[in-house]
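What follows is a set of notes on a single structure, which appears directly below.
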Amino acid sequence: MAIVNATDQTFTAETENGVVLVDFWAPWCGPCKMIAPVLEELAADMGEKVKIVKVDVDENQETAGKFEVMSIPSLFVMKDGKVVDKTLGFKPKEALVELISKHL
């Protein structure tokens, strides 16, 4: 499954069903650029089990505020619309697979 870019308007619909990894990021953020190819790999490897949704914090401040995102990248694991786990900063693919797998 391809990575989905969500907005304040589409976030709830994109995250209300199943397991979703939400990446709160910004185009100017170095670690966010580093994690982007890792997320692409995850989407290719685990796309049938987990949906990956990216939220640009500069363009979608309402959603970022709702989740109290203070630093980026912030990665939230959501299950059926509820946050079940989260991590901050760049993480290697293996760490993200482990984080997600706990909730499948």
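Residues in the structure tokens are numbered from 1 in each chain, the chains being A, B, ... in the order shown, and ligands are numbered from 1 in the order shown.
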Original post:
Any idea what's packed within 10 Å of region 22-33 of chain A, counting only C-alpha atoms, ignoring anything in its chain fewer than 4 positions away? Could you give it as JSON, numbers by chain?
Top reply: {"A": [3, 4, 5, 6, 11, 14, 15, 37, 38, 39, 51, 52, 53, 54, 55, 56, 57, 58, 59, 60, 63, 64, 67, 69, 70, 71, 72, 73, 74, 75, 76, 77, 78, 83, 86, 87, 88, 89, 90, 91]}
Just to be explicit: take each residue in the selection above, keep N, CA and C atoms, and write the result as a compact mmCIF listing (two decimals), in the first residue's frame.
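Result file is part.txt:
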```txt
# COMPACT_ATOMS: atom_id res chain seq x y z
N ILE A 3 2.09 5.12 0.67
CA ILE A 3 2.00 6.02 1.82
C ILE A 3 0.97 7.11 1.50
N VAL A 4 0.13 7.41 2.49
CA VAL A 4 -0.93 8.39 2.32
C VAL A 4 -0.54 9.68 3.03
N ASN A 5 -0.74 10.82 2.35
CA ASN A 5 -0.54 12.12 2.99
C ASN A 5 -1.90 12.59 3.49
N ALA A 6 -2.00 12.75 4.82
CA ALA A 6 -3.27 13.16 5.41
C ALA A 6 -3.24 14.65 5.76
N PHE A 11 -7.55 13.27 8.25
CA PHE A 11 -6.81 12.45 9.22
C PHE A 11 -7.68 11.38 9.87
N GLU A 14 -8.53 8.53 7.58
CA GLU A 14 -7.36 7.73 7.21
C GLU A 14 -6.88 6.82 8.34
N THR A 15 -7.22 7.15 9.59
CA THR A 15 -6.65 6.42 10.73
C THR A 15 -7.68 5.65 11.56
N PRO A 37 12.85 7.21 3.40
CA PRO A 37 13.07 5.95 2.66
C PRO A 37 12.80 4.70 3.52
N VAL A 38 12.98 4.81 4.83
CA VAL A 38 12.67 3.69 5.73
C VAL A 38 11.17 3.42 5.69
N LEU A 39 10.37 4.48 5.69
CA LEU A 39 8.92 4.33 5.64
C LEU A 39 8.48 3.75 4.29
N LYS A 51 -1.08 0.53 7.54
CA LYS A 51 -1.19 1.70 6.67
C LYS A 51 -0.22 2.75 7.19
N ILE A 52 0.49 3.42 6.30
CA ILE A 52 1.40 4.49 6.71
C ILE A 52 0.84 5.82 6.24
N VAL A 53 0.68 6.72 7.20
CA VAL A 53 0.09 8.03 6.94
C VAL A 53 1.07 9.11 7.38
N LYS A 54 1.35 10.05 6.49
CA LYS A 54 2.23 11.17 6.82
C LYS A 54 1.41 12.43 7.03
N VAL A 55 1.79 13.21 8.06
CA VAL A 55 1.11 14.47 8.35
C VAL A 55 2.16 15.56 8.44
N ASP A 56 2.11 16.52 7.51
CA ASP A 56 3.01 17.67 7.52
C ASP A 56 2.55 18.62 8.63
N VAL A 57 3.38 18.77 9.68
CA VAL A 57 2.95 19.55 10.85
C VAL A 57 2.79 21.04 10.55
N ASP A 58 3.51 21.54 9.55
CA ASP A 58 3.38 22.96 9.20
C ASP A 58 2.03 23.25 8.54
N GLU A 59 1.56 22.31 7.72
CA GLU A 59 0.31 22.51 6.98
C GLU A 59 -0.92 22.00 7.74
N ASN A 60 -0.69 21.19 8.77
CA ASN A 60 -1.81 20.57 9.50
C ASN A 60 -1.63 20.74 11.00
N THR A 63 -4.16 19.01 13.67
CA THR A 63 -3.93 17.60 14.01
C THR A 63 -2.67 17.45 14.86
N ALA A 64 -1.61 18.15 14.50
CA ALA A 64 -0.36 18.08 15.28
C ALA A 64 -0.61 18.56 16.72
N PHE A 67 -2.51 15.98 18.94
CA PHE A 67 -1.67 14.88 19.43
C PHE A 67 -0.44 15.38 20.20
N VAL A 69 2.18 17.09 19.40
CA VAL A 69 3.47 16.84 18.75
C VAL A 69 4.38 18.03 19.02
N MET A 70 5.46 17.77 19.76
CA MET A 70 6.41 18.82 20.12
C MET A 70 7.73 18.71 19.37
N SER A 71 8.06 17.51 18.91
CA SER A 71 9.28 17.32 18.13
C SER A 71 8.98 16.35 16.99
N ILE A 72 9.75 16.48 15.93
CA ILE A 72 9.53 15.63 14.76
C ILE A 72 10.84 15.01 14.32
N PRO A 73 10.82 13.85 13.69
CA PRO A 73 9.62 13.08 13.42
C PRO A 73 9.06 12.44 14.68
N SER A 74 7.75 12.48 14.80
CA SER A 74 7.01 11.76 15.84
C SER A 74 6.23 10.67 15.12
N LEU A 75 6.41 9.44 15.56
CA LEU A 75 5.74 8.31 14.92
C LEU A 75 4.76 7.70 15.92
N PHE A 76 3.50 7.68 15.53
CA PHE A 76 2.43 7.15 16.38
C PHE A 76 1.89 5.88 15.74
N VAL A 77 1.72 4.84 16.55
CA VAL A 77 1.02 3.65 16.09
C VAL A 77 -0.41 3.77 16.59
N MET A 78 -1.35 3.71 15.64
CA MET A 78 -2.76 3.81 16.00
C MET A 78 -3.45 2.51 15.60
N VAL A 83 -4.41 5.89 19.72
CA VAL A 83 -2.95 5.77 19.82
C VAL A 83 -2.62 4.63 20.78
N LYS A 86 4.03 5.04 20.58
CA LYS A 86 4.68 6.13 19.84
C LYS A 86 6.18 6.14 20.10
N THR A 87 6.89 6.78 19.19
CA THR A 87 8.33 6.91 19.31
C THR A 87 8.74 8.22 18.65
N LEU A 88 9.87 8.75 19.06
CA LEU A 88 10.35 10.03 18.54
C LEU A 88 11.67 9.85 17.82
N GLY A 89 11.90 10.67 16.80
CA GLY A 89 13.19 10.69 16.13
C GLY A 89 13.37 9.58 15.12
N PHE A 90 14.52 9.60 14.46
CA PHE A 90 14.83 8.59 13.46
C PHE A 90 14.96 7.22 14.12
N LYS A 91 14.38 6.21 13.48
CA LYS A 91 14.50 4.83 13.95
C LYS A 91 14.81 3.96 12.74
```
Original post:
Counting only C-alpha atoms, what is within 7 Å of Glu16 (chain A), bar same-chain residues fewer than 4 positions away, as a VMD selection string?
Top reply: chain A and resid 12 80 to 81
**OP:** Grab the CA of Gly18 (chain A) to CA of Gln61 (chain A) distance for me, in Å with one decimal place.
**Re:** 24.1 Å
**OP:** Enumerate the residues of region 31-67 of chain A with a DSSP assignment of strand (DSSP E or B), computed from the backbone, and present them as a list in words.
**Re:**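 Residues meeting the strand (DSSP E or B) criterion: Lys51, Ile52, Val53, Lys54, Val55 and Asp56 of chain A.
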May I have the residues from that selection written out with C-alpha atoms, as a compact mmCIF listing (two decimals), in the first residue's frame?
```
# COMPACT_ATOMS: atom_id res chain seq x y z
CA LYS A 51 -1.19 1.70 6.67
CA ILE A 52 1.40 4.49 6.71
CA VAL A 53 0.09 8.03 6.94
CA LYS A 54 2.23 11.17 6.82
CA VAL A 55 1.11 14.47 8.35
CA ASP A 56 3.01 17.67 7.52
```
Using DSSP secondary structure from the backbone, list all alpha helix (DSSP H) positions within region 26-87 of chain A, as a PDB file with C-alpha atoms, in the first residue's frame.
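For reference, out-v3.pdb as written:
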```
ATOM      1  CA  GLY A  30      16.660  16.534   8.555  1.00  0.00           C
ATOM      2  CA  PRO A  31      15.730  13.388  10.529  1.00  0.00           C
ATOM      3  CA  CYS A  32      12.329  13.404   8.754  1.00  0.00           C
ATOM      4  CA  LYS A  33      14.141  13.241   5.404  1.00  0.00           C
ATOM      5  CA  MET A  34      16.291  10.388   6.735  1.00  0.00           C
ATOM      6  CA  ILE A  35      13.286   8.312   7.820  1.00  0.00           C
ATOM      7  CA  ALA A  36      11.315   8.799   4.570  1.00  0.00           C
ATOM      8  CA  PRO A  37      13.068   5.950   2.665  1.00  0.00           C
ATOM      9  CA  VAL A  38      12.671   3.691   5.727  1.00  0.00           C
ATOM     10  CA  LEU A  39       8.921   4.330   5.638  1.00  0.00           C
ATOM     11  CA  GLU A  40       8.875   3.567   1.886  1.00  0.00           C
ATOM     12  CA  GLU A  41      10.527   0.200   2.622  1.00  0.00           C
ATOM     13  CA  LEU A  42       8.021  -0.475   5.407  1.00  0.00           C
ATOM     14  CA  ALA A  43       5.138   0.303   3.052  1.00  0.00           C
ATOM     15  CA  ALA A  44       6.564  -2.160   0.518  1.00  0.00           C
ATOM     16  CA  ASP A  45       7.188  -4.906   3.110  1.00  0.00           C
ATOM     17  CA  MET A  46       4.230  -4.494   5.475  1.00  0.00           C
ATOM     18  CA  GLN A  61      -1.297  22.306  12.824  1.00  0.00           C
ATOM     19  CA  GLU A  62      -4.726  21.336  14.167  1.00  0.00           C
ATOM     20  CA  THR A  63      -3.926  17.598  14.014  1.00  0.00           C
ATOM     21  CA  ALA A  64      -0.365  18.083  15.281  1.00  0.00           C
ATOM     22  CA  GLY A  65      -1.740  20.103  18.212  1.00  0.00           C
ATOM     23  CA  LYS A  66      -4.402  17.514  19.008  1.00  0.00           C
TER      24      LYS A  66
END
```
